[in-house]
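A.B. asks: Structure: model-v5.cif, mmCIF, C-alpha atoms.
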```
data_work
#
loop_
_atom_site.group_PDB
_atom_site.id
_atom_site.type_symbol
_atom_site.label_atom_id
_atom_site.label_comp_id
_atom_site.auth_asym_id
_atom_site.auth_seq_id
_atom_site.Cartn_x
_atom_site.Cartn_y
_atom_site.Cartn_z
ATOM 1 C CA MET A 1 -8.312 -6.558 3.189
ATOM 2 C CA PRO A 2 -6.780 -7.617 -0.124
ATOM 3 C CA GLU A 3 -7.652 -5.000 -2.749
ATOM 4 C CA MET A 4 -6.976 -4.956 -6.475
ATOM 5 C CA PRO A 5 -3.151 -4.675 -6.208
ATOM 6 C CA GLU A 6 -2.890 -7.472 -3.643
ATOM 7 C CA VAL A 7 -5.200 -9.780 -5.578
ATOM 8 C CA GLU A 8 -3.234 -9.084 -8.777
ATOM 9 C CA ILE A 9 0.027 -9.987 -7.026
ATOM 10 C CA ILE A 10 -1.523 -13.275 -5.881
ATOM 11 C CA ARG A 11 -2.872 -13.940 -9.382
ATOM 12 C CA ARG A 12 0.509 -13.454 -11.033
ATOM 13 C CA TYR A 13 2.290 -15.794 -8.638
ATOM 14 C CA LEU A 14 -0.341 -18.502 -8.809
ATOM 15 C CA ASP A 15 -0.547 -18.282 -12.591
ATOM 16 C CA LYS A 16 3.177 -19.052 -12.803
ATOM 17 C CA ASN A 17 2.901 -22.060 -10.506
ATOM 18 C CA LEU A 18 -0.485 -23.646 -11.142
ATOM 19 C CA VAL A 19 -0.906 -23.802 -14.910
ATOM 20 C CA GLY A 20 -0.936 -27.371 -16.171
ATOM 21 C CA LYS A 21 -1.407 -28.945 -12.763
ATOM 22 C CA LYS A 22 -4.461 -31.141 -12.228
ATOM 23 C CA ILE A 23 -6.697 -31.032 -9.158
ATOM 24 C CA GLN A 24 -6.653 -34.486 -7.594
ATOM 25 C CA GLN A 25 -8.569 -33.973 -4.368
ATOM 26 C CA ILE A 26 -10.330 -31.152 -2.509
ATOM 27 C CA ASP A 27 -10.691 -30.874 1.250
ATOM 28 C CA ILE A 28 -13.317 -28.273 2.181
ATOM 29 C CA ARG A 29 -12.917 -27.793 5.930
ATOM 30 C CA LEU A 30 -15.545 -25.095 6.398
ATOM 31 C CA PRO A 31 -18.426 -25.940 4.022
ATOM 32 C CA ARG A 32 -20.373 -22.720 4.694
ATOM 33 C CA GLN A 33 -17.707 -20.781 2.760
ATOM 34 C CA LEU A 34 -18.559 -22.805 -0.336
ATOM 35 C CA LYS A 35 -21.397 -20.873 -1.993
ATOM 36 C CA TRP A 36 -21.866 -22.850 -5.248
ATOM 37 C CA PRO A 37 -22.538 -25.707 -5.896
ATOM 38 C CA GLN A 38 -24.358 -26.113 -2.631
ATOM 39 C CA THR A 39 -22.626 -29.318 -1.551
ATOM 40 C CA VAL A 40 -18.977 -30.245 -1.131
ATOM 41 C CA GLU A 41 -19.587 -33.415 -3.117
ATOM 42 C CA ALA A 42 -20.954 -31.521 -6.131
ATOM 43 C CA PHE A 43 -18.069 -29.038 -5.987
ATOM 44 C CA SER A 44 -15.471 -31.812 -5.861
ATOM 45 C CA LYS A 45 -17.122 -33.678 -8.728
ATOM 46 C CA LEU A 46 -17.123 -30.498 -10.815
ATOM 47 C CA CYS A 47 -13.449 -29.630 -10.238
ATOM 48 C CA CYS A 48 -11.477 -32.797 -9.495
ATOM 49 C CA GLY A 49 -9.598 -34.393 -12.355
ATOM 50 C CA ARG A 50 -9.378 -31.118 -14.285
ATOM 51 C CA ALA A 51 -6.170 -29.263 -15.112
ATOM 52 C CA ILE A 52 -5.741 -25.583 -14.277
ATOM 53 C CA LYS A 53 -5.393 -23.507 -17.461
ATOM 54 C CA GLY A 54 -4.746 -20.126 -15.855
ATOM 55 C CA MET A 55 -5.513 -17.630 -13.113
ATOM 56 C CA GLU A 56 -7.595 -14.560 -13.868
ATOM 57 C CA ARG A 57 -8.670 -11.554 -11.809
ATOM 58 C CA GLN A 58 -11.739 -9.356 -11.951
ATOM 59 C CA GLY A 59 -11.735 -6.570 -9.391
ATOM 60 C CA LYS A 60 -11.002 -8.276 -6.067
ATOM 61 C CA TYR A 61 -12.055 -11.727 -7.318
ATOM 62 C CA LEU A 62 -9.627 -14.492 -8.291
ATOM 63 C CA LEU A 63 -10.737 -17.000 -10.914
ATOM 64 C CA ALA A 64 -8.999 -20.315 -11.574
ATOM 65 C CA SER A 65 -9.856 -21.425 -15.112
ATOM 66 C CA LEU A 66 -10.064 -25.191 -15.485
ATOM 67 C CA GLU A 67 -10.589 -27.498 -18.429
ATOM 68 C CA LYS A 68 -14.045 -27.608 -20.034
ATOM 69 C CA GLY A 69 -14.682 -23.963 -19.129
ATOM 70 C CA ILE A 70 -15.048 -24.631 -15.402
ATOM 71 C CA LYS A 71 -14.049 -21.758 -13.111
ATOM 72 C CA ILE A 72 -13.315 -21.684 -9.405
ATOM 73 C CA VAL A 73 -14.000 -18.191 -8.079
ATOM 74 C CA PHE A 74 -12.399 -16.997 -4.837
ATOM 75 C CA HIS A 75 -13.312 -13.806 -3.014
ATOM 76 C CA LEU A 76 -10.848 -13.316 -0.167
ATOM 77 C CA ARG A 77 -12.818 -10.570 1.561
ATOM 78 C CA MET A 78 -11.307 -9.312 4.840
ATOM 79 C CA THR A 79 -8.678 -11.893 5.800
ATOM 80 C CA GLY A 80 -8.565 -14.579 3.124
ATOM 81 C CA SER A 81 -5.370 -15.853 1.483
ATOM 82 C CA LEU A 82 -4.449 -18.300 -1.272
ATOM 83 C CA VAL A 83 -1.005 -19.861 -0.952
ATOM 84 C CA PHE A 84 0.752 -22.295 -3.287
ATOM 85 C CA VAL A 85 2.690 -24.963 -1.378
ATOM 86 C CA ARG A 86 5.292 -26.936 -3.328
ATOM 87 C CA SER A 87 5.559 -30.696 -3.033
ATOM 88 C CA GLY A 88 7.480 -31.636 0.107
ATOM 89 C CA GLU A 89 7.170 -28.184 1.692
ATOM 90 C CA CYS A 90 5.568 -27.776 5.108
ATOM 91 C CA TYR A 91 2.906 -25.084 5.438
ATOM 92 C CA GLU A 92 1.003 -24.713 8.694
ATOM 93 C CA ASN A 93 -1.955 -22.360 9.048
ATOM 94 C CA ALA A 94 -4.457 -22.770 11.855
ATOM 95 C CA HIS A 95 -7.047 -20.969 9.736
ATOM 96 C CA THR A 96 -6.925 -23.265 6.690
ATOM 97 C CA ARG A 97 -10.446 -23.619 5.263
ATOM 98 C CA ALA A 98 -9.827 -25.515 2.013
ATOM 99 C CA VAL A 99 -6.963 -27.507 0.487
ATOM 100 C CA PHE A 100 -6.650 -28.362 -3.204
ATOM 101 C CA ASP A 101 -4.265 -31.301 -3.707
ATOM 102 C CA LEU A 102 -2.564 -31.238 -7.100
ATOM 103 C CA ASP A 103 -1.214 -34.099 -9.180
ATOM 104 C CA ASP A 104 2.476 -33.286 -8.617
ATOM 105 C CA GLY A 105 2.167 -33.325 -4.823
ATOM 106 C CA SER A 106 1.822 -29.558 -4.457
ATOM 107 C CA LYS A 107 -1.185 -27.847 -2.871
ATOM 108 C CA LEU A 108 -3.256 -24.694 -3.116
ATOM 109 C CA VAL A 109 -4.311 -23.635 0.387
ATOM 110 C CA PHE A 110 -7.189 -21.270 1.111
ATOM 111 C CA ALA A 111 -6.986 -19.827 4.636
ATOM 112 C CA ASP A 112 -9.263 -17.257 6.235
ATOM 113 C CA ILE A 113 -9.149 -15.968 9.805
ATOM 114 C CA ARG A 114 -12.559 -14.274 9.962
ATOM 115 C CA THR A 115 -14.211 -16.663 7.463
ATOM 116 C CA PHE A 116 -15.866 -13.961 5.339
ATOM 117 C CA GLY A 117 -14.245 -15.291 2.157
ATOM 118 C CA VAL A 118 -16.231 -17.368 -0.323
ATOM 119 C CA ILE A 119 -15.631 -20.001 -3.022
ATOM 120 C CA TYR A 120 -17.744 -20.784 -6.094
ATOM 121 C CA GLY A 121 -17.444 -23.588 -8.630
ATOM 122 C CA LEU A 122 -19.051 -22.518 -11.893
ATOM 123 C CA LYS A 123 -19.900 -24.175 -15.196
ATOM 124 C CA PRO A 124 -19.730 -22.185 -18.460
ATOM 125 C CA GLY A 125 -22.413 -19.506 -18.444
ATOM 126 C CA GLU A 126 -22.797 -19.432 -14.661
ATOM 127 C CA LEU A 127 -20.641 -16.378 -13.826
ATOM 128 C CA GLY A 128 -23.848 -14.407 -13.289
ATOM 129 C CA ILE A 129 -24.402 -16.417 -10.113
ATOM 130 C CA VAL A 130 -21.690 -14.266 -8.506
ATOM 131 C CA LYS A 131 -23.561 -10.981 -8.167
ATOM 132 C CA GLY A 132 -20.403 -8.981 -7.486
ATOM 133 C CA LEU A 133 -18.901 -10.084 -10.796
ATOM 134 C CA ALA A 134 -22.090 -9.511 -12.764
ATOM 135 C CA GLU A 135 -22.505 -5.947 -11.492
ATOM 136 C CA MET A 136 -18.865 -4.832 -11.337
ATOM 137 C CA GLY A 137 -17.876 -1.511 -12.856
ATOM 138 C CA PRO A 138 -14.707 -0.865 -14.910
ATOM 139 C CA GLU A 139 -11.348 -1.364 -13.194
ATOM 140 C CA PRO A 140 -8.546 1.153 -12.727
ATOM 141 C CA LEU A 141 -5.842 0.809 -15.406
ATOM 142 C CA SER A 142 -8.434 -0.474 -17.894
ATOM 143 C CA GLY A 143 -9.494 1.222 -21.103
ATOM 144 C CA ALA A 144 -13.052 1.569 -19.823
ATOM 145 C CA PHE A 145 -11.960 3.488 -16.730
ATOM 146 C CA THR A 146 -11.418 6.972 -18.127
ATOM 147 C CA ALA A 147 -11.563 10.449 -16.621
ATOM 148 C CA GLU A 148 -14.727 11.010 -18.648
ATOM 149 C CA TYR A 149 -16.308 7.887 -17.187
ATOM 150 C CA LEU A 150 -15.375 8.975 -13.662
ATOM 151 C CA GLN A 151 -16.816 12.446 -14.188
ATOM 152 C CA LYS A 152 -20.126 11.062 -15.487
ATOM 153 C CA ALA A 153 -20.364 8.670 -12.535
ATOM 154 C CA ALA A 154 -19.591 11.487 -10.080
ATOM 155 C CA GLU A 155 -22.018 14.040 -11.454
ATOM 156 C CA LYS A 156 -24.935 11.632 -10.972
ATOM 157 C CA THR A 157 -24.633 11.320 -7.192
ATOM 158 C CA SER A 158 -24.383 13.494 -4.106
ATOM 159 C CA MET A 159 -22.696 10.739 -2.067
ATOM 160 C CA PRO A 160 -19.219 11.508 -0.682
ATOM 161 C CA ILE A 161 -16.527 10.966 -3.299
ATOM 162 C CA LYS A 162 -14.913 8.263 -1.150
ATOM 163 C CA ASN A 163 -18.162 6.274 -1.177
ATOM 164 C CA LEU A 164 -18.217 6.458 -4.956
ATOM 165 C CA LEU A 165 -14.671 5.110 -5.181
ATOM 166 C CA LEU A 166 -15.625 2.178 -2.948
ATOM 167 C CA ASP A 167 -18.802 1.320 -4.873
ATOM 168 C CA GLN A 168 -17.777 -1.798 -6.813
ATOM 169 C CA ARG A 169 -20.723 -1.294 -9.174
ATOM 170 C CA LYS A 170 -19.121 1.968 -10.280
ATOM 171 C CA ILE A 171 -15.399 1.086 -10.103
ATOM 172 C CA GLY A 172 -14.153 -2.452 -9.568
ATOM 173 C CA GLY A 173 -11.242 -3.234 -7.276
ATOM 174 C CA ILE A 174 -10.737 -0.142 -5.100
ATOM 175 C CA GLY A 175 -10.897 -0.625 -1.330
ATOM 176 C CA ASN A 176 -10.317 1.515 1.734
ATOM 177 C CA ILE A 177 -6.528 1.800 1.523
ATOM 178 C CA TYR A 178 -6.250 2.890 -2.088
ATOM 179 C CA ALA A 179 -9.313 5.163 -1.924
ATOM 180 C CA ASP A 180 -7.687 7.169 0.878
ATOM 181 C CA GLU A 181 -4.371 7.276 -0.945
ATOM 182 C CA ALA A 182 -5.906 8.347 -4.266
ATOM 183 C CA LEU A 183 -7.938 11.137 -2.648
ATOM 184 C CA PHE A 184 -4.795 12.448 -0.970
ATOM 185 C CA LEU A 185 -2.848 12.536 -4.229
ATOM 186 C CA ALA A 186 -5.780 14.257 -5.954
ATOM 187 C CA LYS A 187 -6.001 16.760 -3.043
ATOM 188 C CA LEU A 188 -9.690 16.001 -2.512
ATOM 189 C CA HIS A 189 -11.425 15.758 0.846
ATOM 190 C CA PRO A 190 -13.074 12.322 1.218
ATOM 191 C CA GLN A 191 -16.369 13.903 2.325
ATOM 192 C CA ARG A 192 -16.711 16.133 -0.738
ATOM 193 C CA LYS A 193 -19.935 15.426 -2.593
ATOM 194 C CA ALA A 194 -19.057 13.557 -5.768
ATOM 195 C CA CYS A 195 -21.282 15.818 -7.868
ATOM 196 C CA SER A 196 -19.314 18.876 -6.718
ATOM 197 C CA LEU A 197 -16.142 17.784 -8.534
ATOM 198 C CA ASN A 198 -15.306 19.697 -11.690
ATOM 199 C CA GLU A 199 -13.651 18.317 -14.813
ATOM 200 C CA GLU A 200 -10.096 19.166 -13.706
ATOM 201 C CA GLU A 201 -10.625 17.498 -10.336
ATOM 202 C CA CYS A 202 -11.983 14.350 -11.979
ATOM 203 C CA ILE A 203 -8.921 14.218 -14.230
ATOM 204 C CA ARG A 204 -6.674 14.528 -11.156
ATOM 205 C CA LEU A 205 -8.581 11.822 -9.330
ATOM 206 C CA HIS A 206 -8.505 9.474 -12.319
ATOM 207 C CA GLU A 207 -4.737 9.868 -12.562
ATOM 208 C CA ALA A 208 -4.341 9.410 -8.800
ATOM 209 C CA VAL A 209 -6.398 6.198 -8.740
ATOM 210 C CA ASN A 210 -4.287 4.654 -11.477
ATOM 211 C CA GLN A 211 -1.093 5.863 -9.798
ATOM 212 C CA VAL A 212 -1.831 4.315 -6.394
ATOM 213 C CA ILE A 213 -2.959 1.020 -7.922
ATOM 214 C CA GLU A 214 0.248 0.795 -9.984
ATOM 215 C CA ALA A 215 2.365 1.655 -6.933
ATOM 216 C CA GLY A 216 0.629 -0.986 -4.815
ATOM 217 C CA ILE A 217 1.335 -3.653 -7.435
ATOM 218 C CA LYS A 218 4.950 -2.533 -7.796
ATOM 219 C CA ASP A 219 5.488 -2.807 -4.025
ATOM 220 C CA GLY A 220 3.955 -6.269 -3.804
ATOM 221 C CA GLY A 221 0.832 -5.105 -2.007
ATOM 222 C CA THR A 222 0.096 -3.666 1.428
ATOM 223 C CA THR A 223 0.439 -5.810 4.571
ATOM 224 C CA PHE A 224 -0.600 -4.599 8.009
ATOM 225 C CA ARG A 225 -1.809 -7.873 9.513
ATOM 226 C CA ASP A 226 -3.325 -10.534 7.305
ATOM 227 C CA TYR A 227 -2.483 -10.028 3.628
ATOM 228 C CA ARG A 228 -0.069 -12.592 2.158
ATOM 229 C CA ASN A 229 0.958 -13.065 -1.447
ATOM 230 C CA GLY A 230 0.710 -16.390 -3.275
ATOM 231 C CA ALA A 231 3.952 -17.572 -1.668
ATOM 232 C CA GLY A 232 2.829 -16.611 1.838
ATOM 233 C CA GLY A 233 5.014 -13.484 1.998
ATOM 234 C CA LYS A 234 4.205 -9.872 2.893
ATOM 235 C CA GLY A 235 3.981 -6.763 0.735
ATOM 236 C CA THR A 236 5.941 -3.542 1.351
ATOM 237 C CA HIS A 237 3.572 -0.812 0.161
ATOM 238 C CA GLN A 238 2.638 0.016 3.774
ATOM 239 C CA GLU A 239 6.059 1.662 4.019
ATOM 240 C CA HIS A 240 5.135 4.210 1.340
ATOM 241 C CA LEU A 241 1.581 5.235 2.230
ATOM 242 C CA TYR A 242 0.726 8.930 2.438
ATOM 243 C CA VAL A 243 -2.292 8.892 4.777
ATOM 244 C CA TYR A 244 -3.757 5.439 5.351
ATOM 245 C CA HIS A 245 -3.077 4.138 8.869
ATOM 246 C CA ARG A 246 -0.988 7.274 9.579
ATOM 247 C CA GLN A 247 -3.395 9.232 11.828
ATOM 248 C CA GLY A 248 -1.501 11.477 14.237
ATOM 249 C CA GLN A 249 1.625 11.433 12.079
ATOM 250 C CA PRO A 250 2.827 14.423 10.021
ATOM 251 C CA CYS A 251 1.733 14.714 6.415
ATOM 252 C CA ARG A 252 4.617 13.825 4.098
ATOM 253 C CA GLU A 253 3.975 17.004 2.090
ATOM 254 C CA CYS A 254 2.874 19.769 4.499
ATOM 255 C CA GLY A 255 3.693 18.450 7.988
ATOM 256 C CA VAL A 256 0.178 18.865 9.404
ATOM 257 C CA LEU A 257 -0.984 15.822 11.378
ATOM 258 C CA ILE A 258 -3.043 13.256 9.481
ATOM 259 C CA GLU A 259 -6.598 12.976 10.801
ATOM 260 C CA TYR A 260 -9.002 10.057 11.084
ATOM 261 C CA THR A 261 -12.764 10.068 10.624
ATOM 262 C CA LYS A 262 -15.482 7.823 9.248
ATOM 263 C CA VAL A 263 -17.129 8.244 5.868
ATOM 264 C CA GLY A 264 -20.042 5.977 5.120
ATOM 265 C CA GLY A 265 -19.044 3.861 8.103
ATOM 266 C CA ARG A 266 -15.532 3.299 6.773
ATOM 267 C CA GLY A 267 -12.405 4.428 8.607
ATOM 268 C CA THR A 268 -10.894 7.285 6.623
ATOM 269 C CA HIS A 269 -7.512 9.031 6.755
ATOM 270 C CA TYR A 270 -6.768 12.442 5.270
ATOM 271 C CA CYS A 271 -4.671 15.587 5.594
ATOM 272 C CA PRO A 272 -6.824 18.556 6.697
ATOM 273 C CA MET A 273 -4.434 20.989 5.023
ATOM 274 C CA CYS A 274 -3.810 19.269 1.667
ATOM 275 C CA GLN A 275 -7.390 18.013 1.373
ATOM 276 C CA ARG A 276 -9.652 20.909 2.285
ATOM 277 C CA ILE A 277 -13.396 20.281 2.280
ATOM 278 C CA GLU A 278 -14.232 23.424 0.273
ATOM 279 C CA PRO A 279 -14.601 22.810 -3.485
#
```
Reformat the file's structure so that it appears as structure tokens.

C.D. replies:
Amino acid sequence: MPEMPEVEIIRRYLDKNLVGKKIQQIDIRLPRQLKWPQTVEAFSKLCCGRAIKGMERQGKYLLASLEKGIKIVFHLRMTGSLVFVRSGECYENAHTRAVFDLDDGSKLVFADIRTFGVIYGLKPGELGIVKGLAEMGPEPLSGAFTAEYLQKAAEKTSMPIKNLLLDQRKIGGIGNIYADEALFLAKLHPQRKACSLNEEECIRLHEAVNQVIEAGIKDGGTTFRDYRNGAGGKGTHQEHLYVYHRQGQPCRECGVLIEYTKVGGRGTHYCPMCQRIEP
């Protein structure tokens, strides 16, 4: 699943290649993934003929800003991708769900294997239609995401600390991969009750969250199966992970085998030696 680092990598690439180009035609091949407006015709009328002014990101959402304040919002979910295809280039994807033809002959292709991804076309003032955007908490690396904020959020709930990290209403952008990695760096067991963390532990966790997000961006994202950047390429961060997807392998720090469990229904990887359950 693309998380904040992967979506930021896509945003940066698309921003370089899409700005100034005008949407000429839109081919929505799976209409049920279009959530707003409620018809393909209304969506095309809203977006066609408008130039792209820039690509933005909020949490795991990508937003294409068009003329007249129109925004196209993409949420890639589990297996979605957005790939820029230059004029004359051949790009084949059996899971293509939408194609945006641009005025210079290039294309923006939205593909999605499991079809959980969604697309919105919004007029000014309509961002609230996307509930996930309206309710999103502060992002890692932002001024609003501080150790103090994290501590206040943690002390209010007895849910496992991993669940708190994954709650997009509390912190925007963190998914399963980077939650596991951050908890390892902070030496916190994923099943620890959030309210049991003390001030020093919250400071460690805040630093670890920012560190893993920065590392993921630096490495171009994490690719196991489906994630592709805006050019269709893979990331390399999977080569540097501490615990995620490494069950049964030795911990990079202590040598004890990484274990796998489920926390809140989510697959979870941790080191039983470095991340003891006791506070």

A.B. asks: Specify as a list in words each residue included when the PyMOL selection byres ((chain A and resi 247) around 10) is applied to this file.

C.D. replies: Val243, Tyr244, His245, Arg246, Gly248, Gln249, Pro250, Cys251, Leu257, Ile258, Glu259, Tyr260, Thr261, Thr268, His269, Tyr270 and Cys271 of chain A

A.B. asks: Between A:Arg192, A:Arg276, A:Lys156, A:Arg169, which has the minimum distance to Val263 in chain A (counting all atoms listed in the file)?

C.D. replies: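 Under the stated criterion, the closest residue is A:Arg192.
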
A.B. asks: I need the output of the PyMOL selection byres ((chain A and resi 118) around 8) for this file as a PDB file with C-alpha atoms, in the coordinates of the input; which residues are they?

C.D. replies:
```
ATOM      1  CA  GLN A  33     -17.707 -20.781   2.760  1.00  0.00           C
ATOM      2  CA  LEU A  34     -18.559 -22.805  -0.336  1.00  0.00           C
ATOM      3  CA  LYS A  35     -21.397 -20.873  -1.993  1.00  0.00           C
ATOM      4  CA  PHE A  74     -12.399 -16.997  -4.837  1.00  0.00           C
ATOM      5  CA  HIS A  75     -13.312 -13.806  -3.014  1.00  0.00           C
ATOM      6  CA  LEU A  76     -10.848 -13.316  -0.167  1.00  0.00           C
ATOM      7  CA  ARG A  77     -12.818 -10.570   1.561  1.00  0.00           C
ATOM      8  CA  PHE A 116     -15.866 -13.961   5.339  1.00  0.00           C
ATOM      9  CA  GLY A 117     -14.245 -15.291   2.157  1.00  0.00           C
ATOM     10  CA  ILE A 119     -15.631 -20.001  -3.022  1.00  0.00           C
ATOM     11  CA  TYR A 120     -17.744 -20.784  -6.094  1.00  0.00           C
TER      12      TYR A 120
END
```

A.B. asks: Asp15 in chain A: which residues within 8 Å, counting all atoms listed in the file, same-chain residues fewer than 3 positions away excluded, as a ChimeraX atom specification?

C.D. replies: /A:11-12,18-19,54-55

A.B. asks: Kindly list the centre and edge lengths in Å, rounded to one decimal, for the axis-aligned box that covers all listed atoms of range 61-67 of chain A plus 6 Å on each of its six sides, as JSON.

C.D. replies:
```
{"center_x": -10.5, "center_y": -19.6, "center_z": -12.9, "size_x": 15.1, "size_y": 27.8, "size_z": 23.1}
```

A.B. asks: Written as a PyMOL selection string, what is the full residue list that the PyMOL selection byres ((chain A and resi 198) around 12) yields on the file shown?

C.D. replies: chain A and resi 147-148+150-152+154-155+188+192-197+199-205+279

A.B. asks: Residues near Gly175 in chain A, anyone? I mean within 12 Å using only C-alpha atoms, not counting same-chain ones fewer than 4 positions away, as a short mmCIF file (atom, residue, chain, number, x, y, z; two decimals) with C-alpha atoms, in the frame of the given file.

C.D. replies:
```cif
data_model
loop_
_atom_site.label_atom_id
_atom_site.label_comp_id
_atom_site.auth_asym_id
_atom_site.auth_seq_id
_atom_site.Cartn_x
_atom_site.Cartn_y
_atom_site.Cartn_z
CA MET A 1 -8.31 -6.56 3.19
CA PRO A 2 -6.78 -7.62 -0.12
CA GLU A 3 -7.65 -5.00 -2.75
CA MET A 4 -6.98 -4.96 -6.48
CA PRO A 5 -3.15 -4.68 -6.21
CA GLU A 6 -2.89 -7.47 -3.64
CA VAL A 7 -5.20 -9.78 -5.58
CA GLY A 59 -11.74 -6.57 -9.39
CA LYS A 60 -11.00 -8.28 -6.07
CA ARG A 77 -12.82 -10.57 1.56
CA MET A 78 -11.31 -9.31 4.84
CA GLU A 139 -11.35 -1.36 -13.19
CA PRO A 140 -8.55 1.15 -12.73
CA LYS A 162 -14.91 8.26 -1.15
CA ASN A 163 -18.16 6.27 -1.18
CA LEU A 164 -18.22 6.46 -4.96
CA LEU A 165 -14.67 5.11 -5.18
CA LEU A 166 -15.62 2.18 -2.95
CA ASP A 167 -18.80 1.32 -4.87
CA GLN A 168 -17.78 -1.80 -6.81
CA ILE A 171 -15.40 1.09 -10.10
CA ALA A 179 -9.31 5.16 -1.92
CA ASP A 180 -7.69 7.17 0.88
CA GLU A 181 -4.37 7.28 -0.94
CA ALA A 182 -5.91 8.35 -4.27
CA VAL A 209 -6.40 6.20 -8.74
CA VAL A 212 -1.83 4.32 -6.39
CA ILE A 213 -2.96 1.02 -7.92
CA THR A 222 0.10 -3.67 1.43
CA TYR A 244 -3.76 5.44 5.35
CA ARG A 266 -15.53 3.30 6.77
CA GLY A 267 -12.40 4.43 8.61
CA THR A 268 -10.89 7.28 6.62
#
```

A.B. asks: I'd like the interatomic distance between CA of Gly69 in chain A and CA of Asp27 in chain A, to a tenth of an Å.

C.D. replies: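 Those two atoms sit 21.9 Å apart.
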
A.B. asks: Counting all atoms listed in the file, which residue out of A:Thr96, A:Gln275, A:Gln238, A:Gln211 sits closest to Glu253 in chain A?

C.D. replies: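 Selected residue with least distance to Glu253 in chain A: A:Gln275.
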
A.B. asks: For a test of reading the model, state the distance in Å between CA of Ile177 in chain A and CA of Leu14 in chain A, rounded to one decimal.

C.D. replies: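 Computed distance, CA of Ile177 in chain A to CA of Leu14 in chain A, equals 23.6 Å.
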
A.B. asks: Could you check how far CA of Ile23 in chain A sits from CA of Ile52 in chain A, in Å to one decimal?

C.D. replies: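 So the answer is 7.5 Å.
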
A.B. asks: When you count all atoms listed in the file, which of these residues is closest to Ser81 in chain A: A:Phe184, A:Phe43, A:Phe110, A:Tyr61?

C.D. replies: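 The answer is A:Phe110, which sits nearest to Ser81 in chain A.
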
A.B. asks: Pick the closest to His189 in chain A from A:Asp104, A:Ile161, A:Ala208, A:Glu89: which is it, counting all atoms listed in the file?

C.D. replies: A:Ile161

A.B. asks: Please determine, counting only C-alpha atoms, which residue among A:Gly105, A:Gly216, A:Pro37, A:Gly49 has the shortest atom-to-atom distance to Lys22 in chain A.

C.D. replies: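 Answer, going by the shortest atom-to-atom distance: A:Gly49.
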
A.B. asks: Using the block above, I'd like range 203-207 of chain A written out, keeping all heavy atoms and formatting it as a PDB file, in the first residue's frame.

C.D. replies:
```pdb
ATOM      1  N   ILE A 203       8.859  11.153  23.004  1.00  0.00           N
ATOM      2  CA  ILE A 203       9.887  11.905  22.269  1.00  0.00           C
ATOM      3  C   ILE A 203      10.630  10.964  21.324  1.00  0.00           C
ATOM      4  O   ILE A 203      10.867  11.297  20.155  1.00  0.00           O
ATOM      5  CB  ILE A 203      10.860  12.587  23.258  1.00  0.00           C
ATOM      6  CG1 ILE A 203      10.150  13.712  24.007  1.00  0.00           C
ATOM      7  CG2 ILE A 203      12.094  13.120  22.514  1.00  0.00           C
ATOM      8  CD1 ILE A 203      10.970  14.319  25.127  1.00  0.00           C
ATOM      9  N   ARG A 204      10.991   9.775  21.825  1.00  0.00           N
ATOM     10  CA  ARG A 204      11.664   8.780  20.974  1.00  0.00           C
ATOM     11  C   ARG A 204      10.799   8.384  19.793  1.00  0.00           C
ATOM     12  O   ARG A 204      11.275   8.265  18.662  1.00  0.00           O
ATOM     13  CB  ARG A 204      12.001   7.521  21.784  1.00  0.00           C
ATOM     14  CG  ARG A 204      13.162   7.641  22.737  1.00  0.00           C
ATOM     15  CD  ARG A 204      13.827   6.289  22.996  1.00  0.00           C
ATOM     16  NE  ARG A 204      12.934   5.163  23.123  1.00  0.00           N
ATOM     17  CZ  ARG A 204      12.560   4.594  24.276  1.00  0.00           C
ATOM     18  NH1 ARG A 204      12.990   5.090  25.419  1.00  0.00           N
ATOM     19  NH2 ARG A 204      11.772   3.538  24.290  1.00  0.00           N
ATOM     20  N   LEU A 205       9.524   8.158  20.056  1.00  0.00           N
ATOM     21  CA  LEU A 205       8.626   7.719  18.990  1.00  0.00           C
ATOM     22  C   LEU A 205       8.418   8.826  17.963  1.00  0.00           C
ATOM     23  O   LEU A 205       8.399   8.564  16.752  1.00  0.00           O
ATOM     24  CB  LEU A 205       7.287   7.282  19.577  1.00  0.00           C
ATOM     25  CG  LEU A 205       6.257   6.759  18.569  1.00  0.00           C
ATOM     26  CD1 LEU A 205       6.817   5.596  17.764  1.00  0.00           C
ATOM     27  CD2 LEU A 205       4.975   6.338  19.296  1.00  0.00           C
ATOM     28  N   HIS A 206       8.286  10.046  18.421  1.00  0.00           N
ATOM     29  CA  HIS A 206       8.144  11.183  17.498  1.00  0.00           C
ATOM     30  C   HIS A 206       9.348  11.280  16.573  1.00  0.00           C
ATOM     31  O   HIS A 206       9.213  11.434  15.350  1.00  0.00           O
ATOM     32  CB  HIS A 206       7.985  12.477  18.316  1.00  0.00           C
ATOM     33  CG  HIS A 206       8.037  13.723  17.501  1.00  0.00           C
ATOM     34  ND1 HIS A 206       9.186  14.484  17.375  1.00  0.00           N
ATOM     35  CD2 HIS A 206       7.093  14.339  16.742  1.00  0.00           C
ATOM     36  CE1 HIS A 206       8.944  15.516  16.594  1.00  0.00           C
ATOM     37  NE2 HIS A 206       7.693  15.456  16.185  1.00  0.00           N
ATOM     38  N   GLU A 207      10.535  11.155  17.139  1.00  0.00           N
ATOM     39  CA  GLU A 207      11.757  11.210  16.334  1.00  0.00           C
ATOM     40  C   GLU A 207      11.822  10.036  15.366  1.00  0.00           C
ATOM     41  O   GLU A 207      12.229  10.189  14.207  1.00  0.00           O
ATOM     42  CB  GLU A 207      12.984  11.211  17.253  1.00  0.00           C
ATOM     43  CG  GLU A 207      13.132  12.479  18.085  1.00  0.00           C
ATOM     44  CD  GLU A 207      14.286  12.402  19.066  1.00  0.00           C
ATOM     45  OE1 GLU A 207      14.836  11.281  19.245  1.00  0.00           O
ATOM     46  OE2 GLU A 207      14.634  13.443  19.660  1.00  0.00           O
TER      47      GLU A 207
END
```
